[in-house]
Amino acid sequence: MQSAHVKKSRIKKTLKIVGLSFIGLVIIIIGIEFMYKDSVESPMYKVQQYLTYSKEDWANYENMKRMQAEANRKPDMVDVLIEAPQSPVDTTMWTNAIKNKDFIPESVLEDINRYKKRDFSKLKIAEDKPSDDDAQQAIVRNYQNEVTSLLSKYKAHIKIGACYAAPLQKLDGDTEIARVTAMVSAFNKEQGNLGNIQAPLNVIYDFVKHQSDPTTWHLADFSQSIPYDYVLNKDKW
């Protein structure tokens, strides 16, 4: 009887030790999990990996780790918001309209205010620039019959205003050697300044020369904001 009682006591003690050990282990695991709560790879996650990952899963995991390490070695990249260039605005015309309390759409007012805040102090007048004829040829080459027929219909010719040096652009293909931004207007004898007449003509463009053909100016979308050209447009459209 005594032997059975001793055996039973030992079993209880063993179960108690096992139980306490299990509880202690659970507490330790919970504590470690709490310490790694902000980490993707917590101890339990690692255990799950070893229990469930296939060879393909491990290969993918190692590849992701390698990519992450490479990304961490690269310098931090900060997105910089570059404001898009804005077409010139004749603020004097709109100023008079505001004084006269004429109706002006909200979007137009926003454009006017945004344009007034533009800083043109860093712009430089270009030394290498197209003539009126160069500008017209570049426009005609770009639009071909659309503009040729338009100019013929109105017996008009193109004049170019102040040319501002624009940063050269590195694009695939021919190397740029000169780039300017300028306003243009169409003129004829009867009406004078016609502005851009109608689409597809615009009032502002970039004119570009390439290394392969250093004497010919080509048309491009304008790449920077410039002041409204009151000299070119001294006569309103």
# chains A, B, ... in the order shown; residues from 1 in each chain; ligands from 1

$ residues_around --residues "Gln198 of chain A" --least-positions-apart "4" --cutoff "12 Å" --atoms "only C-alpha atoms" --output "list of chain:residue names"
A:Glu146, A:Val147, A:Ser149, A:Leu150, A:Leu151, A:Lys153, A:Tyr154, A:Ser185, A:Ala186, A:Leu194, A:Asn202, A:Val203, A:Trp237

$ residues_around --residues "Ile125 of chain A" --least-positions-apart "6" --cutoff "12 Å" --atoms "only C-alpha atoms" --output "count of residues only"
12

$ residues_around --residues "Val108 of chain A" --least-positions-apart "2" --cutoff "12 Å" --atoms "only C-alpha atoms" --output "NGL selection string"
:A and (89-91 or 94-95 or 97-98 or 103-106 or 110-115)

$ residues_around --residues "Trp217 of chain A" --least-positions-apart "2" --cutoff "6 Å" --atoms "only C-alpha atoms" --output "list in words"
Ala138, Phe207, Val208 and Lys209 of chain A

$ write_last_selection --atoms "N, CA and C atoms" --output "CSV table (one decimal), in the first residue's frame"
chain,number,residue,atom,x,y,z
A,138,ALA,N,9.3,75.4,-88.6
A,138,ALA,CA,9.2,74.4,-87.6
A,138,ALA,C,7.8,74.0,-87.3
A,207,PHE,N,11.4,75.2,-79.1
A,207,PHE,CA,12.0,75.0,-80.4
A,207,PHE,C,13.4,74.4,-80.1
A,208,VAL,N,13.7,73.3,-80.8
A,208,VAL,CA,14.9,72.5,-80.5
A,208,VAL,C,15.7,72.3,-81.7
A,209,LYS,N,17.1,72.3,-81.5
A,209,LYS,CA,18.0,72.0,-82.6
A,209,LYS,C,18.8,70.7,-82.1

$ residues_around --residues "Lys159 of chain A" --least-positions-apart "3" --cutoff "12 Å" --atoms "only C-alpha atoms" --output "PyMOL selection string"
chain A and resi 130-139+156+162-163+182-188+192-196+203-204+229+231-233

$ write_last_selection --atoms "N, CA and C atoms" --output "PDB file, in the first residue's frame"
ATOM      1  N   PRO A 130      15.528  80.865 -82.769  1.00  0.00           N
ATOM      2  CA  PRO A 130      14.997  80.844 -84.136  1.00  0.00           C
ATOM      3  C   PRO A 130      14.468  82.215 -84.559  1.00  0.00           C
ATOM      4  N   SER A 131      14.545  82.470 -85.846  1.00  0.00           N
ATOM      5  CA  SER A 131      13.941  83.673 -86.414  1.00  0.00           C
ATOM      6  C   SER A 131      12.451  83.420 -86.631  1.00  0.00           C
ATOM      7  N   ASP A 132      11.729  84.453 -87.073  1.00  0.00           N
ATOM      8  CA  ASP A 132      10.307  84.268 -87.389  1.00  0.00           C
ATOM      9  C   ASP A 132      10.131  83.176 -88.435  1.00  0.00           C
ATOM     10  N   ASP A 133      10.998  83.210 -89.450  1.00  0.00           N
ATOM     11  CA  ASP A 133      10.900  82.217 -90.526  1.00  0.00           C
ATOM     12  C   ASP A 133      11.231  80.818 -90.014  1.00  0.00           C
ATOM     13  N   ASP A 134      12.261  80.719 -89.155  1.00  0.00           N
ATOM     14  CA  ASP A 134      12.614  79.418 -88.562  1.00  0.00           C
ATOM     15  C   ASP A 134      11.438  78.849 -87.769  1.00  0.00           C
ATOM     16  N   ALA A 135      10.795  79.716 -86.991  1.00  0.00           N
ATOM     17  CA  ALA A 135       9.664  79.281 -86.172  1.00  0.00           C
ATOM     18  C   ALA A 135       8.508  78.806 -87.045  1.00  0.00           C
ATOM     19  N   GLN A 136       8.216  79.563 -88.096  1.00  0.00           N
ATOM     20  CA  GLN A 136       7.107  79.172 -88.979  1.00  0.00           C
ATOM     21  C   GLN A 136       7.405  77.852 -89.677  1.00  0.00           C
ATOM     22  N   GLN A 137       8.636  77.679 -90.143  1.00  0.00           N
ATOM     23  CA  GLN A 137       9.000  76.423 -90.809  1.00  0.00           C
ATOM     24  C   GLN A 137       8.882  75.242 -89.850  1.00  0.00           C
ATOM     25  N   ALA A 138       9.308  75.439 -88.600  1.00  0.00           N
ATOM     26  CA  ALA A 138       9.217  74.357 -87.608  1.00  0.00           C
ATOM     27  C   ALA A 138       7.763  73.985 -87.347  1.00  0.00           C
ATOM     28  N   ILE A 139       6.898  74.993 -87.251  1.00  0.00           N
ATOM     29  CA  ILE A 139       5.474  74.749 -87.008  1.00  0.00           C
ATOM     30  C   ILE A 139       4.834  74.051 -88.198  1.00  0.00           C
ATOM     31  N   ALA A 156      -1.791  84.647 -93.404  1.00  0.00           N
ATOM     32  CA  ALA A 156      -1.053  84.980 -92.184  1.00  0.00           C
ATOM     33  C   ALA A 156       0.352  84.390 -92.188  1.00  0.00           C
ATOM     34  N   ALA A 162       9.943  86.725 -77.385  1.00  0.00           N
ATOM     35  CA  ALA A 162      11.169  86.542 -76.601  1.00  0.00           C
ATOM     36  C   ALA A 162      11.427  85.056 -76.369  1.00  0.00           C
ATOM     37  N   CYS A 163      12.669  84.653 -76.603  1.00  0.00           N
ATOM     38  CA  CYS A 163      13.046  83.235 -76.466  1.00  0.00           C
ATOM     39  C   CYS A 163      13.846  83.038 -75.178  1.00  0.00           C
ATOM     40  N   ALA A 182       9.228  79.855 -76.206  1.00  0.00           N
ATOM     41  CA  ALA A 182       8.791  81.175 -76.665  1.00  0.00           C
ATOM     42  C   ALA A 182       7.311  81.168 -77.016  1.00  0.00           C
ATOM     43  N   MET A 183       6.706  82.353 -76.950  1.00  0.00           N
ATOM     44  CA  MET A 183       5.345  82.528 -77.445  1.00  0.00           C
ATOM     45  C   MET A 183       5.395  82.832 -78.933  1.00  0.00           C
ATOM     46  N   VAL A 184       4.363  82.422 -79.649  1.00  0.00           N
ATOM     47  CA  VAL A 184       4.243  82.732 -81.072  1.00  0.00           C
ATOM     48  C   VAL A 184       2.832  83.252 -81.338  1.00  0.00           C
ATOM     49  N   SER A 185       2.705  84.035 -82.393  1.00  0.00           N
ATOM     50  CA  SER A 185       1.392  84.523 -82.823  1.00  0.00           C
ATOM     51  C   SER A 185       1.367  84.595 -84.340  1.00  0.00           C
ATOM     52  N   ALA A 186       0.174  84.448 -84.879  1.00  0.00           N
ATOM     53  CA  ALA A 186      -0.019  84.608 -86.323  1.00  0.00           C
ATOM     54  C   ALA A 186      -0.463  86.045 -86.601  1.00  0.00           C
ATOM     55  N   PHE A 187       0.038  86.614 -87.686  1.00  0.00           N
ATOM     56  CA  PHE A 187      -0.300  87.996 -88.058  1.00  0.00           C
ATOM     57  C   PHE A 187      -0.691  88.055 -89.532  1.00  0.00           C
ATOM     58  N   ASN A 188      -1.578  88.991 -89.857  1.00  0.00           N
ATOM     59  CA  ASN A 188      -1.819  89.334 -91.259  1.00  0.00           C
ATOM     60  C   ASN A 188      -2.019  90.843 -91.375  1.00  0.00           C
ATOM     61  N   GLY A 192      -4.010  92.226 -88.215  1.00  0.00           N
ATOM     62  CA  GLY A 192      -2.883  92.314 -87.285  1.00  0.00           C
ATOM     63  C   GLY A 192      -2.671  91.010 -86.540  1.00  0.00           C
ATOM     64  N   ASN A 193      -2.702  91.072 -85.211  1.00  0.00           N
ATOM     65  CA  ASN A 193      -2.426  89.905 -84.373  1.00  0.00           C
ATOM     66  C   ASN A 193      -3.634  88.975 -84.326  1.00  0.00           C
ATOM     67  N   LEU A 194      -3.435  87.744 -84.786  1.00  0.00           N
ATOM     68  CA  LEU A 194      -4.511  86.746 -84.782  1.00  0.00           C
ATOM     69  C   LEU A 194      -4.338  85.718 -83.660  1.00  0.00           C
ATOM     70  N   GLY A 195      -3.287  85.872 -82.881  1.00  0.00           N
ATOM     71  CA  GLY A 195      -3.023  84.869 -81.845  1.00  0.00           C
ATOM     72  C   GLY A 195      -2.694  83.529 -82.481  1.00  0.00           C
ATOM     73  N   ASN A 196      -3.318  82.472 -81.975  1.00  0.00           N
ATOM     74  CA  ASN A 196      -3.074  81.142 -82.545  1.00  0.00           C
ATOM     75  C   ASN A 196      -4.137  80.754 -83.574  1.00  0.00           C
ATOM     76  N   VAL A 203      -0.052  78.949 -78.567  1.00  0.00           N
ATOM     77  CA  VAL A 203       0.633  80.240 -78.467  1.00  0.00           C
ATOM     78  C   VAL A 203       2.009  80.111 -77.825  1.00  0.00           C
ATOM     79  N   ILE A 204       2.399  78.915 -77.416  1.00  0.00           N
ATOM     80  CA  ILE A 204       3.696  78.714 -76.778  1.00  0.00           C
ATOM     81  C   ILE A 204       4.251  77.348 -77.161  1.00  0.00           C
ATOM     82  N   ASP A 229       4.133  87.479 -73.208  1.00  0.00           N
ATOM     83  CA  ASP A 229       4.924  88.369 -74.066  1.00  0.00           C
ATOM     84  C   ASP A 229       4.074  89.555 -74.519  1.00  0.00           C
ATOM     85  N   VAL A 231       5.222  92.375 -75.618  1.00  0.00           N
ATOM     86  CA  VAL A 231       5.814  93.018 -76.799  1.00  0.00           C
ATOM     87  C   VAL A 231       5.276  92.363 -78.060  1.00  0.00           C
ATOM     88  N   LEU A 232       5.323  91.042 -78.111  1.00  0.00           N
ATOM     89  CA  LEU A 232       4.781  90.320 -79.259  1.00  0.00           C
ATOM     90  C   LEU A 232       3.291  90.584 -79.399  1.00  0.00           C
ATOM     91  N   ASN A 233       2.619  90.648 -78.274  1.00  0.00           N
ATOM     92  CA  ASN A 233       1.156  90.787 -78.273  1.00  0.00           C
ATOM     93  C   ASN A 233       0.712  92.184 -77.828  1.00  0.00           C
TER      94      ASN A 233
END

$ closest_residue --among "A:Lys236, A:Ala220, A:Pro167, A:Ile160" --to "Gln191 of chain A" --atoms "only C-alpha atoms"
A:Lys236

$ select_by_dssp --residues "segment 117-218 of chain A" --states "strand (DSSP E)" --output "PyMOL selection string"
chain A and resi 157-165+176-188+192-195+204-210+213-218

$ closest_residue --among "A:Asn96, A:Ser212, A:Gln86, A:Thr175" --to "Ser225 of chain A" --atoms "only C-alpha atoms"
A:Gln86

$ atom_distance --atom1 "atom CA of Asn145 of chain A" --atom2 "atom CA of Leu219 of chain A"
15.4 Å
